[in-house]
>>> print(open('query-v3.txt').read())   # compact mmCIF, C-alpha atoms and all ligand atoms
# COMPACT_ATOMS: atom_id res chain seq x y z
CA MET A 1437 0.00 0.00 0.00
CA SER A 1438 1.27 3.43 -0.85
CA ASP A 1439 1.88 5.76 2.04
CA VAL A 1440 1.48 8.98 0.11
CA LEU A 1441 1.40 12.60 1.14
CA SER A 1442 -2.06 13.84 2.02
CA ILE A 1443 -3.60 17.27 1.48
CA THR A 1444 -3.38 17.87 5.25
CA ASP A 1445 0.42 17.36 5.16
CA LEU A 1446 0.96 20.52 3.10
CA SER A 1447 0.44 24.18 3.95
CA MET A 1448 -2.15 25.82 1.68
CA LYS A 1449 -1.51 29.36 2.90
CA ASN A 1450 -0.98 31.78 0.01
CA LYS A 1451 -0.39 28.80 -2.30
CA LYS A 1452 -1.85 28.27 -5.74
CA VAL A 1453 -3.22 24.76 -5.46
CA LEU A 1454 -3.56 22.87 -8.74
CA MET A 1455 -6.12 20.12 -8.12
CA ARG A 1456 -7.06 17.28 -10.47
CA VAL A 1457 -10.69 16.37 -9.86
CA ASP A 1458 -13.01 13.94 -11.62
CA PHE A 1459 -15.81 16.21 -12.84
CA ASN A 1460 -16.67 13.89 -15.70
CA VAL A 1461 -20.39 14.20 -14.93
CA PRO A 1462 -23.38 13.44 -17.16
CA LEU A 1463 -25.00 16.41 -18.96
CA ASN A 1464 -28.42 16.48 -20.63
CA ASP A 1465 -29.11 18.03 -24.05
CA LYS A 1466 -29.60 21.43 -22.38
CA GLN A 1467 -26.03 21.14 -21.05
CA GLU A 1468 -27.27 20.74 -17.47
CA VAL A 1469 -25.50 18.49 -14.97
CA THR A 1470 -27.86 15.57 -14.27
CA ASP A 1471 -25.82 13.86 -11.54
CA GLU A 1472 -23.65 15.99 -9.30
CA THR A 1473 -22.24 13.14 -7.15
CA ARG A 1474 -18.70 13.52 -8.45
CA ILE A 1475 -18.67 17.27 -7.85
CA VAL A 1476 -20.04 16.83 -4.34
CA SER A 1477 -17.40 14.14 -3.65
CA SER A 1478 -14.56 16.64 -4.13
CA LEU A 1479 -16.11 19.47 -2.09
CA PRO A 1480 -14.22 18.53 1.12
CA SER A 1481 -10.84 18.95 -0.63
CA ILE A 1482 -11.96 22.14 -2.38
CA LYS A 1483 -13.26 23.69 0.84
CA TYR A 1484 -10.13 22.66 2.71
CA VAL A 1485 -7.90 24.62 0.31
CA LEU A 1486 -10.09 27.72 0.46
CA ASP A 1487 -10.50 27.56 4.25
CA HIS A 1488 -6.73 27.28 4.71
CA GLY A 1489 -5.73 30.37 2.75
CA GLY A 1490 -5.02 28.89 -0.67
CA SER A 1491 -6.33 29.71 -4.11
CA LEU A 1492 -7.54 26.87 -6.29
CA ILE A 1493 -7.03 25.86 -9.90
CA LEU A 1494 -9.30 22.95 -10.76
CA MET A 1495 -8.69 20.68 -13.73
CA SER A 1496 -10.74 17.77 -15.09
CA HIS A 1497 -11.71 15.94 -18.22
CA LEU A 1498 -15.30 15.67 -19.47
CA GLY A 1499 -16.41 13.04 -21.96
CA ARG A 1500 -14.35 12.15 -25.00
CA PRO A 1501 -13.71 15.26 -27.15
CA LYS A 1502 -10.72 13.39 -28.64
CA GLY A 1503 -8.26 16.26 -28.70
CA GLU A 1504 -10.65 18.79 -30.23
CA LYS A 1505 -12.13 21.92 -28.67
CA LYS A 1506 -15.78 20.91 -29.01
CA PRO A 1507 -18.11 23.32 -27.16
CA GLU A 1508 -20.47 20.51 -26.09
CA PHE A 1509 -17.62 19.13 -23.96
CA SER A 1510 -16.91 22.44 -22.22
CA LEU A 1511 -16.64 22.36 -18.43
CA LYS A 1512 -18.58 25.66 -18.20
CA PRO A 1513 -21.84 24.02 -17.03
CA VAL A 1514 -19.87 22.07 -14.45
CA ALA A 1515 -18.25 25.26 -13.15
CA ALA A 1516 -21.73 26.80 -12.88
CA LYS A 1517 -22.95 23.80 -10.87
CA LEU A 1518 -19.89 23.91 -8.63
CA SER A 1519 -20.48 27.60 -8.01
CA ILE A 1520 -23.99 26.82 -6.73
CA LEU A 1521 -22.87 23.86 -4.59
CA LEU A 1522 -19.97 25.81 -3.11
CA ASP A 1523 -21.88 29.10 -2.91
CA HIS A 1524 -18.78 30.77 -4.27
CA PRO A 1525 -17.90 32.43 -7.60
CA ILE A 1526 -15.84 30.37 -10.04
CA ILE A 1527 -13.66 31.96 -12.72
CA MET A 1528 -13.93 29.92 -15.94
CA ALA A 1529 -10.73 29.73 -17.98
CA PRO A 1530 -10.95 29.82 -21.81
CA ASP A 1531 -8.52 26.88 -22.06
CA CYS A 1532 -6.43 24.64 -19.81
CA ILE A 1533 -2.97 25.84 -20.93
CA GLY A 1534 -1.59 28.93 -22.66
CA PRO A 1535 -0.70 32.55 -21.84
CA GLU A 1536 -4.24 33.68 -20.96
CA VAL A 1537 -4.68 30.77 -18.52
CA GLU A 1538 -1.25 31.48 -17.00
CA ARG A 1539 -2.24 35.10 -16.52
CA LEU A 1540 -5.53 34.14 -14.83
CA ALA A 1541 -3.75 31.64 -12.55
CA ALA A 1542 -1.02 34.13 -11.64
CA SER A 1543 -3.56 36.78 -10.65
CA LEU A 1544 -5.55 34.50 -8.30
CA ARG A 1545 -5.82 35.70 -4.72
CA PRO A 1546 -6.38 33.41 -1.70
CA GLY A 1547 -9.95 32.13 -1.68
CA GLN A 1548 -10.42 32.44 -5.45
CA VAL A 1549 -11.21 29.49 -7.70
CA LEU A 1550 -10.26 29.06 -11.35
CA MET A 1551 -11.73 26.19 -13.37
CA LEU A 1552 -9.64 25.12 -16.36
CA GLU A 1553 -11.26 24.01 -19.60
CA ASN A 1554 -11.49 20.30 -20.50
CA LEU A 1555 -8.06 18.65 -20.37
CA ARG A 1556 -9.05 16.27 -23.17
CA PHE A 1557 -9.25 19.16 -25.62
CA TYR A 1558 -5.58 18.13 -25.98
CA ASN A 1559 -4.56 14.64 -27.09
CA ALA A 1560 -1.52 14.90 -24.83
CA GLU A 1561 -3.78 14.53 -21.78
CA GLU A 1562 -4.42 10.87 -22.56
CA LYS A 1563 -1.20 10.35 -24.52
CA PRO A 1564 1.47 12.15 -22.48
CA GLU A 1565 4.26 10.77 -24.65
CA SER A 1566 2.84 12.60 -27.70
CA ASP A 1567 3.67 15.97 -26.11
CA PRO A 1568 5.52 15.96 -22.78
CA SER A 1569 5.33 19.76 -22.68
CA PHE A 1570 1.57 19.56 -21.96
CA ALA A 1571 2.04 18.27 -18.39
CA LYS A 1572 4.81 20.80 -17.87
CA LYS A 1573 2.61 23.69 -19.03
CA LEU A 1574 -0.16 22.58 -16.66
CA SER A 1575 2.31 22.28 -13.81
CA LYS A 1576 3.38 25.92 -14.23
CA LEU A 1577 -0.06 27.04 -13.05
CA GLY A 1578 0.28 25.89 -9.42
CA ASP A 1579 2.67 25.69 -6.46
CA ILE A 1580 1.15 22.48 -5.06
CA TYR A 1581 -0.49 19.54 -6.82
CA ILE A 1582 -3.43 17.65 -5.31
CA ASN A 1583 -4.98 14.62 -6.98
CA ASP A 1584 -8.56 13.96 -5.88
CA ALA A 1585 -9.61 12.07 -9.02
CA PHE A 1586 -9.58 8.45 -7.85
CA GLY A 1587 -11.85 7.46 -10.77
CA THR A 1588 -9.07 8.22 -13.28
CA ALA A 1589 -6.10 7.20 -11.11
CA HIS A 1590 -5.70 3.97 -13.10
CA ARG A 1591 -4.74 6.01 -16.17
CA ALA A 1592 -1.19 7.33 -16.48
CA HIS A 1593 -2.36 10.58 -18.06
CA SER A 1594 -0.63 13.97 -18.11
CA SER A 1595 -2.78 15.47 -15.34
CA THR A 1596 -3.08 12.33 -13.19
CA ALA A 1597 0.47 10.97 -13.17
CA VAL A 1598 3.08 12.70 -15.35
CA ILE A 1599 2.48 16.14 -13.86
CA ALA A 1600 3.37 15.02 -10.32
CA LYS A 1601 7.09 14.93 -11.11
CA TYR A 1602 7.07 18.73 -11.33
CA PHE A 1603 5.96 18.90 -7.69
CA PRO A 1604 8.63 17.13 -5.65
CA GLN A 1605 7.30 16.61 -2.09
CA LYS A 1606 4.35 18.77 -3.08
CA ALA A 1607 2.12 16.21 -4.82
CA ALA A 1608 -0.54 14.98 -2.41
CA ALA A 1609 -3.79 13.02 -2.30
CA GLY A 1610 -7.05 14.89 -1.73
CA PHE A 1611 -9.61 13.62 0.78
CA LEU A 1612 -11.55 11.52 -1.75
CA MET A 1613 -8.37 9.87 -3.03
CA GLN A 1614 -7.12 9.38 0.52
CA LYS A 1615 -10.38 7.73 1.57
CA GLU A 1616 -10.15 5.22 -1.28
CA ILE A 1617 -6.49 4.49 -0.53
CA ASP A 1618 -7.29 3.99 3.15
CA SER A 1619 -10.46 1.98 2.65
CA ILE A 1620 -9.37 -0.30 -0.15
CA GLY A 1621 -5.66 -0.37 0.65
CA LYS A 1622 -5.92 -0.90 4.37
CA THR A 1623 -8.95 -3.18 4.29
CA LEU A 1624 -8.28 -5.41 1.32
CA PHE A 1625 -4.48 -5.66 1.12
CA SER A 1626 -4.17 -7.17 4.59
CA PRO A 1627 -7.78 -8.25 5.13
CA LYS A 1628 -9.24 -9.59 8.35
CA ARG A 1629 -10.12 -13.15 7.44
CA PRO A 1630 -12.21 -14.82 6.25
CA PHE A 1631 -12.17 -12.48 3.25
CA LEU A 1632 -14.97 -13.10 0.75
CA ALA A 1633 -15.45 -11.41 -2.61
CA ILE A 1634 -18.52 -11.42 -4.86
CA ILE A 1635 -18.01 -10.48 -8.48
CA GLY A 1636 -20.84 -10.06 -10.96
CA GLY A 1637 -21.45 -8.04 -14.11
CA ALA A 1638 -21.78 -8.69 -17.79
CA LYS A 1639 -18.38 -9.78 -19.00
CA ILE A 1640 -15.56 -11.90 -17.67
CA SER A 1641 -13.05 -10.14 -19.96
CA SER A 1642 -13.33 -6.84 -18.08
CA LYS A 1643 -12.75 -8.49 -14.71
CA VAL A 1644 -10.49 -11.47 -15.39
CA GLY A 1645 -7.49 -9.72 -13.82
CA VAL A 1646 -9.29 -8.95 -10.62
CA ILE A 1647 -10.83 -12.44 -10.49
CA LYS A 1648 -7.39 -14.06 -10.62
CA SER A 1649 -5.99 -11.64 -8.09
CA LEU A 1650 -8.94 -12.27 -5.74
CA LEU A 1651 -8.51 -16.03 -6.06
CA ALA A 1652 -5.04 -15.49 -4.63
CA LYS A 1653 -6.06 -12.96 -1.96
CA ALA A 1654 -9.56 -13.96 -0.85
CA ASP A 1655 -10.65 -17.07 1.03
CA THR A 1656 -13.82 -17.41 -1.02
CA LEU A 1657 -14.91 -15.97 -4.35
CA LEU A 1658 -18.55 -15.97 -5.46
CA ILE A 1659 -19.22 -15.36 -9.14
CA GLY A 1660 -22.63 -14.44 -10.57
CA GLY A 1661 -24.05 -12.27 -13.33
CA GLY A 1662 -23.50 -12.63 -17.05
CA MET A 1663 -19.88 -13.71 -16.68
CA ALA A 1664 -20.95 -17.00 -15.06
CA TYR A 1665 -22.17 -18.29 -18.44
CA THR A 1666 -18.69 -18.31 -19.92
CA PHE A 1667 -17.67 -20.54 -16.99
CA PHE A 1668 -20.68 -22.80 -17.67
CA LYS A 1669 -19.89 -23.05 -21.36
CA ALA A 1670 -16.25 -23.79 -20.51
CA GLN A 1671 -17.50 -26.85 -18.62
CA GLY A 1672 -19.47 -28.00 -21.65
CA PHE A 1673 -22.91 -27.02 -20.34
CA ALA A 1674 -25.55 -25.79 -22.78
CA ILE A 1675 -26.17 -22.09 -22.13
CA GLY A 1676 -28.96 -21.32 -24.63
CA ASN A 1677 -28.84 -17.65 -25.63
CA SER A 1678 -26.97 -16.53 -22.50
CA ILE A 1679 -24.35 -13.80 -22.71
CA HIS A 1680 -20.85 -15.27 -22.98
CA GLU A 1681 -17.42 -14.66 -24.48
CA ASP A 1682 -16.01 -17.50 -26.58
CA GLU A 1683 -12.57 -15.90 -26.60
CA MET A 1684 -12.49 -16.21 -22.80
CA LEU A 1685 -13.30 -19.94 -22.65
CA ASN A 1686 -9.66 -20.97 -22.20
CA GLU A 1687 -9.19 -18.36 -19.51
CA ALA A 1688 -12.34 -19.61 -17.74
CA ARG A 1689 -11.09 -23.23 -17.97
CA SER A 1690 -7.73 -22.29 -16.51
CA ILE A 1691 -9.42 -20.44 -13.61
CA LEU A 1692 -11.63 -23.47 -12.92
CA ASP A 1693 -8.56 -25.68 -13.12
CA SER A 1694 -6.68 -23.55 -10.63
CA VAL A 1695 -9.32 -24.10 -7.94
CA LYS A 1696 -10.12 -27.75 -8.52
CA ASP A 1697 -8.14 -28.82 -5.45
CA HIS A 1698 -9.57 -26.01 -3.30
CA LYS A 1699 -13.05 -27.05 -2.37
CA ASN A 1700 -15.41 -24.13 -1.69
CA LYS A 1701 -12.92 -21.51 -2.87
CA LEU A 1702 -14.93 -20.57 -5.96
CA HIS A 1703 -18.74 -20.67 -5.94
CA LEU A 1704 -20.61 -20.45 -9.22
CA PRO A 1705 -24.42 -20.34 -9.34
CA THR A 1706 -26.03 -23.73 -8.69
CA ASP A 1707 -29.29 -22.54 -10.19
CA VAL A 1708 -30.17 -19.65 -12.47
CA ILE A 1709 -33.30 -17.91 -13.72
CA ALA A 1710 -33.50 -18.17 -17.50
CA ALA A 1711 -35.90 -16.06 -19.56
CA ASP A 1712 -37.20 -16.27 -23.14
CA ALA A 1713 -37.02 -12.47 -23.53
CA MET A 1714 -35.38 -9.45 -21.87
CA ASN A 1715 -38.55 -7.90 -20.50
CA GLU A 1716 -41.02 -7.95 -17.64
CA THR A 1717 -43.44 -10.27 -19.43
CA ALA A 1718 -40.86 -12.89 -20.35
CA LYS A 1719 -41.48 -16.53 -19.54
CA THR A 1720 -38.93 -17.74 -16.96
CA VAL A 1721 -37.64 -21.09 -15.74
CA THR A 1722 -35.29 -21.95 -12.88
CA VAL A 1723 -32.56 -24.31 -14.05
CA ASN A 1724 -29.48 -26.05 -12.76
CA PRO A 1725 -26.83 -24.87 -15.23
CA SER A 1726 -25.17 -28.28 -15.36
CA LYS A 1727 -28.45 -29.62 -16.82
CA GLY A 1728 -28.31 -26.97 -19.54
CA ILE A 1729 -30.34 -23.85 -20.27
CA PRO A 1730 -33.13 -24.61 -22.73
CA LYS A 1731 -32.91 -23.39 -26.32
CA GLY A 1732 -34.46 -19.94 -26.75
CA PHE A 1733 -33.77 -19.01 -23.11
CA GLU A 1734 -30.97 -17.00 -21.56
CA GLY A 1735 -29.70 -16.77 -18.00
CA VAL A 1736 -30.75 -13.47 -16.41
CA ASP A 1737 -30.36 -13.89 -12.63
CA ILE A 1738 -29.12 -16.23 -9.93
CA GLY A 1739 -31.76 -18.61 -8.59
CA PRO A 1740 -33.07 -19.20 -5.04
CA SER A 1741 -30.64 -21.94 -4.03
CA THR A 1742 -27.68 -19.83 -5.24
CA ILE A 1743 -29.01 -16.91 -3.20
CA ARG A 1744 -29.12 -19.21 -0.14
CA ASP A 1745 -25.58 -20.47 -0.83
CA PHE A 1746 -24.15 -16.97 -1.38
CA VAL A 1747 -25.94 -15.48 1.65
CA ALA A 1748 -24.73 -18.36 3.86
CA ALA A 1749 -21.15 -17.85 2.66
CA LEU A 1750 -21.46 -14.11 3.36
CA GLN A 1751 -22.48 -14.78 6.98
CA THR A 1752 -19.10 -16.44 7.62
CA ALA A 1753 -17.00 -13.52 6.32
CA THR A 1754 -15.21 -10.80 8.26
CA THR A 1755 -14.23 -8.77 5.18
CA VAL A 1756 -16.45 -8.55 2.09
CA LEU A 1757 -15.89 -7.01 -1.32
CA TRP A 1758 -18.76 -6.77 -3.81
CA ASN A 1759 -18.51 -5.57 -7.42
CA GLY A 1760 -21.09 -6.06 -10.15
CA PRO A 1761 -24.76 -7.10 -10.30
CA LEU A 1762 -25.72 -10.79 -10.10
CA GLY A 1763 -28.27 -10.48 -12.90
CA VAL A 1764 -29.94 -8.06 -15.29
CA PHE A 1765 -31.05 -6.03 -12.30
CA GLU A 1766 -32.27 -3.07 -14.42
CA ILE A 1767 -35.34 -5.21 -15.20
CA PRO A 1768 -37.17 -5.62 -11.85
CA LYS A 1769 -38.26 -9.17 -12.72
CA PHE A 1770 -34.57 -10.19 -12.93
CA SER A 1771 -33.32 -8.19 -9.95
CA ALA A 1772 -34.10 -10.58 -7.08
CA GLY A 1773 -30.56 -12.01 -6.89
CA THR A 1774 -28.83 -8.63 -6.86
CA ARG A 1775 -31.35 -7.31 -4.34
CA ALA A 1776 -30.92 -10.32 -2.04
CA ILE A 1777 -27.13 -9.93 -2.08
CA ALA A 1778 -27.36 -6.15 -1.54
CA GLU A 1779 -29.64 -6.75 1.41
CA ALA A 1780 -27.45 -9.48 2.91
CA ILE A 1781 -24.34 -7.31 2.58
CA GLY A 1782 -26.16 -4.30 4.01
CA ARG A 1783 -27.03 -6.30 7.12
CA LEU A 1784 -23.59 -7.83 7.74
CA LYS A 1785 -21.46 -6.81 10.71
CA ALA A 1786 -18.36 -7.48 8.60
CA THR A 1787 -16.22 -4.77 6.98
CA THR A 1788 -17.93 -4.33 3.61
CA ILE A 1789 -16.58 -2.60 0.53
CA VAL A 1790 -18.82 -2.14 -2.49
CA GLY A 1791 -17.50 -0.88 -5.81
CA GLY A 1792 -19.06 -0.18 -9.19
CA GLY A 1793 -22.00 2.00 -10.15
CA ASP A 1794 -24.52 -0.85 -10.49
CA SER A 1795 -23.83 -2.42 -7.10
CA ILE A 1796 -23.93 0.99 -5.44
CA ALA A 1797 -27.19 1.80 -7.26
CA ALA A 1798 -28.72 -1.48 -6.02
CA LEU A 1799 -27.79 -0.62 -2.43
CA GLN A 1800 -29.09 2.93 -2.81
CA GLN A 1801 -32.40 1.72 -4.23
CA MET A 1802 -32.84 -0.40 -1.12
CA GLY A 1803 -31.84 2.38 1.25
CA LEU A 1804 -28.85 0.33 2.43
CA ALA A 1805 -25.97 2.44 1.07
CA SER A 1806 -25.15 3.87 4.50
CA THR A 1807 -24.84 0.41 6.06
CA VAL A 1808 -21.69 -0.58 4.14
CA THR A 1809 -18.25 0.39 5.38
CA HIS A 1810 -17.06 1.95 2.11
CA LEU A 1811 -18.64 2.69 -1.25
CA SER A 1812 -15.83 2.90 -3.77
CA THR A 1813 -16.53 5.41 -6.51
CA GLY A 1814 -13.87 4.13 -8.86
CA GLY A 1815 -15.24 1.57 -11.32
CA GLY A 1816 -12.21 0.51 -13.37
CA ALA A 1817 -9.87 2.28 -10.93
CA THR A 1818 -11.24 0.26 -8.00
CA LEU A 1819 -10.78 -3.04 -9.82
CA GLU A 1820 -7.25 -2.21 -10.99
CA TYR A 1821 -6.30 -1.00 -7.52
CA ILE A 1822 -7.40 -4.32 -6.04
CA GLU A 1823 -5.66 -6.25 -8.84
CA PHE A 1824 -2.31 -4.43 -8.82
CA GLY A 1825 -2.18 -3.03 -5.28
CA THR A 1826 -1.43 0.45 -6.60
CA LEU A 1827 -2.36 2.79 -9.47
CA PRO A 1828 -0.31 5.19 -11.63
CA GLY A 1829 -2.12 8.19 -10.12
CA ILE A 1830 -1.29 7.04 -6.59
CA GLU A 1831 2.28 5.96 -7.40
CA ALA A 1832 3.05 9.40 -8.81
CA LEU A 1833 2.22 11.22 -5.57
CA SER A 1834 4.96 12.21 -3.10
CA LYS A 1835 5.75 9.64 -0.43
CA LYS A 1836 5.32 10.63 3.20
P1 LIG B 1901 -20.45 -4.61 -15.43
O1 LIG B 1901 -20.39 -3.20 -15.94
O2 LIG B 1901 -19.47 -5.53 -16.07
O3 LIG B 1901 -20.42 -4.66 -13.93
O4 LIG B 1901 -21.85 -5.17 -15.90
C1 LIG B 1901 -23.07 -4.63 -15.48
C2 LIG B 1901 -24.17 -5.14 -16.38
O5 LIG B 1901 -24.17 -6.54 -16.38
C3 LIG B 1901 -25.54 -4.69 -15.97
O6 LIG B 1901 -26.02 -3.79 -16.92
C4 LIG B 1901 -26.35 -5.99 -15.98
O7 LIG B 1901 -27.59 -5.88 -16.62
C5 LIG B 1901 -25.45 -6.93 -16.77
N1 LIG B 1901 -25.72 -8.34 -16.48
C6 LIG B 1901 -25.66 -8.95 -15.29
N2 LIG B 1901 -26.04 -10.23 -15.40
C7 LIG B 1901 -26.35 -10.46 -16.69
C8 LIG B 1901 -26.83 -11.58 -17.43
N3 LIG B 1901 -27.06 -12.75 -16.82
N4 LIG B 1901 -27.03 -11.43 -18.74
C9 LIG B 1901 -26.80 -10.24 -19.35
N5 LIG B 1901 -26.35 -9.14 -18.70
C10 LIG B 1901 -26.14 -9.24 -17.40
>>> encode(input="query-v3.txt", output="structure tokens")
Amino acid sequence: MSDVLSITDLSMKNKKVLMRVDFNVPLNDKQEVTDETRIVSSLPSIKYVLDHGGSLILMSHLGRPKGEKKPEFSLKPVAAKLSILLDHPIIMAPDCIGPEVERLAASLRPGQVLMLENLRFYNAEEKPESDPSFAKKLSKLGDIYINDAFGTAHRAHSSTAVIAKYFPQKAAAGFLMQKEIDSIGKTLFSPKRPFLAIIGGAKISSKVGVIKSLLAKADTLLIGGGMAYTFFKAQGFAIGNSIHEDEMLNEARSILDSVKDHKNKLHLPTDVIAADAMNETAKTVTVNPSKGIPKGFEGVDIGPSTIRDFVAALQTATTVLWNGPLGVFEIPKFSAGTRAIAEAIGRLKATTIVGGGDSIAALQQMGLASTVTHLSTGGGATLEYIEFGTLPGIEALSKK
């Protein structure tokens, strides 16, 4: 685990604080922010700088403008939203680098906030090697660098990793980043055992790294959701129309092979709900996957005996990680498995970490979000952090 410098380790007084945030929020066609969660998540770091005598230069990406200055990807509406949430004026920069931006940054007084324009208006943000001067130009704007963008910390981009080298002993984690490092790092890298992980979601390919890593780290791994069907097919079971990835069959076989001498290490569903259509009026059957899913049907949720097995396993755990829904939970008829697991996790006394938008949404829908120890906001960053034990955006920060 990285023991990196934290925002509270540095003096903010009269400093220009350059802060990378993740303000990649959804906008509607009227350019209004429709979900402000990510902005709200960075408010503690933002307020800390302003309350401690610093001025703030915020930088973020928004969407995928692919190196072009497209107005629909401007951070202006985000700055407007931040201004309301913070109850504080925000100066909007016309760009993220260049003489005008340097002038605006240089003239900031303590307590003032400057929001830079979308970093991804430049290709060098995502491809630092294409223009190393981009990170350097950004770095010139501030005296201190804070990274509070955990959601993009798995990318070695100009503003998340490369830039930190221009701030020796002055590159620190913001509160949001620090919370993720503490919660995931401290809890999962030396977990109180038994440590149980549940992984769901559509595809095995996006989570194969974390699955292998969890097989090494966790005492028990429960797998549900769409990715289970690749494991079923790998064992020669008929899977009907179920979602699966043929190119991952060998990988699935090798994972199954690696646990064959470890009874109870890996649990796959022992029954599934299969449907003849992806809608509320579909006909459904409960099947044991080893008996095969009938033609014309596809697996959409874990079945009742799997729920019992997974919930019983959960009761024995001291540390629990959950990522990914156990079925097509967006359709209420196929959400029972995900709901049952969310509820069981919400009621556990164990240390519980939940990552991924869908799992968090399921907990929120059930009013159980506050019952888990840590909701990780990261998505891909969370999974890669668990897999590799660090991330480029964390590695780049100054060590304590
Ligand atoms: P992920 O982003 O990989 O965590 O996947 C989340 C998506 O997986 C959700 O949109 C679910 O609807 C989908 N999903 C879960 N189980 C299944 C399934 N059995 N068949 C198809 N999609 C599924």
>>> residues_around(input="query-v3.txt", residues="segment 1675-1691 of chain A", least_positions_apart="2", cutoff="7 Å", atoms="only C-alpha atoms", output="MDAnalysis selection string")
chainID A and resid 1641 1662:1663 1665:1667 1669:1670 1673 1693:1695 1728:1735
>>> closest_residue(input="query-v3.txt", among="A:Met1448, A:Phe1509, A:Pro1480, A:Tyr1558", to="Leu1463 of chain A", atoms="only C-alpha atoms")
A:Phe1509
>>> residues_around(input="query-v3.txt", residues="Glu1766 of chain A", least_positions_apart="3", cutoff="12 Å", atoms="all atoms listed in the file", output="compact mmCIF listing (two decimals) with C-alpha atoms, in the coordinates of the input")
# COMPACT_ATOMS: atom_id res chain seq x y z
CA GLY A 1637 -21.45 -8.04 -14.11
CA MET A 1714 -35.38 -9.45 -21.87
CA ASN A 1715 -38.55 -7.90 -20.50
CA GLU A 1716 -41.02 -7.95 -17.64
CA VAL A 1736 -30.75 -13.47 -16.41
CA ASP A 1737 -30.36 -13.89 -12.63
CA PRO A 1761 -24.76 -7.10 -10.30
CA LEU A 1762 -25.72 -10.79 -10.10
CA GLY A 1763 -28.27 -10.48 -12.90
CA LYS A 1769 -38.26 -9.17 -12.72
CA PHE A 1770 -34.57 -10.19 -12.93
CA SER A 1771 -33.32 -8.19 -9.95
CA ALA A 1772 -34.10 -10.58 -7.08
CA GLY A 1773 -30.56 -12.01 -6.89
CA THR A 1774 -28.83 -8.63 -6.86
CA ARG A 1775 -31.35 -7.31 -4.34
CA ASP A 1794 -24.52 -0.85 -10.49
CA SER A 1795 -23.83 -2.42 -7.10
CA ALA A 1797 -27.19 1.80 -7.26
CA ALA A 1798 -28.72 -1.48 -6.02
CA GLN A 1801 -32.40 1.72 -4.23
>>> atom_distance(input="query-v3.txt", atom1="atom CA of Ala1609 of chain A", atom2="atom CA of Lys1643 of chain A")
26.4 Å
>>> residues_around(input="query-v3.txt", residues="segment 1825-1827 of chain A", least_positions_apart="3", cutoff="12 Å", atoms="all atoms listed in the file", output="PyMOL selection string")
chain A and resi 1437-1440+1585-1593+1596-1597+1613+1616-1618+1620-1626+1646+1649-1650+1653+1814+1816-1822+1830-1833
>>> closest_residue(input="query-v3.txt", among="A:Gly1661, A:Gly1672, A:Pro1705, A:Pro1604", to="ligand LIG 1901 (chain B)", atoms="only C-alpha atoms and all ligand atoms")
A:Gly1661
>>> atom_distance(input="query-v3.txt", atom1="atom CA of Ile1796 of chain A", atom2="atom CA of Pro1828 of chain A")
24.8 Å
>>> closest_residue(input="query-v3.txt", among="A:Arg1474, A:Lys1639, A:Lys1452, A:Lys1502", to="ligand LIG 1901 (chain B)", atoms="all atoms listed in the file")
A:Lys1639
>>> residues_near_point(input="query-v3.txt", point="(-20.2, 13.0, -20.2)", cutoff="8 Å", atoms="only C-alpha atoms", output="VMD selection string")
chain A and resid 1460 to 1463 1498 to 1500 1509
>>> closest_residue(input="query-v3.txt", among="A:Asp1523, A:Ile1493, A:Val1549, A:Lys1573", to="Pro1535 of chain A", atoms="all atoms listed in the file")
A:Lys1573
>>> closest_residue(input="query-v3.txt", among="A:Ala1638, A:Ala1710, A:Leu1552, A:Ile1526", to="ligand LIG 1901 (chain B)", atoms="all atoms listed in the file")
A:Ala1638
>>> closest_residue(input="query-v3.txt", among="A:Pro1501, A:Ile1640, A:Phe1459, A:Leu1511", to="ligand LIG 1901 (chain B)", atoms="only C-alpha atoms and all ligand atoms")
A:Ile1640
>>> residues_near_point(input="query-v3.txt", point="(-12.6, -11.7, 3.9)", cutoff="7 Å", atoms="only C-alpha atoms", output="VMD selection string")
chain A and resid 1627 to 1632 1654 to 1655 1753 to 1756
>>> write_last_selection(input="query-v3.txt", atoms="C-alpha atoms", output="CSV table (one decimal), in the coordinates of the input")
chain,number,residue,atom,x,y,z
A,1627,PRO,CA,-7.8,-8.2,5.1
A,1628,LYS,CA,-9.2,-9.6,8.4
A,1629,ARG,CA,-10.1,-13.2,7.4
A,1630,PRO,CA,-12.2,-14.8,6.2
A,1631,PHE,CA,-12.2,-12.5,3.2
A,1632,LEU,CA,-15.0,-13.1,0.8
A,1654,ALA,CA,-9.6,-14.0,-0.8
A,1655,ASP,CA,-10.6,-17.1,1.0
A,1753,ALA,CA,-17.0,-13.5,6.3
A,1754,THR,CA,-15.2,-10.8,8.3
A,1755,THR,CA,-14.2,-8.8,5.2
A,1756,VAL,CA,-16.4,-8.6,2.1
>>> atom_distance(input="query-v3.txt", atom1="atom CA of Glu1553 of chain A", atom2="atom CA of Ala1608 of chain A")
22.2 Å
>>> axis_aligned_box(input="query-v3.txt", around="segment 1768-1774 of chain A", padding_each_side="3 Å", output="lines of an AutoDock Vina configuration file")
center_x = -33.5
center_y = -8.8
center_z = -9.9
size_x = 15.4
size_y = 12.4
size_z = 12.1
>>> residues_around(input="query-v3.txt", residues="Ile1582 of chain A", least_positions_apart="2", cutoff="12 Å", atoms="all atoms listed in the file", output="count of residues only")
53
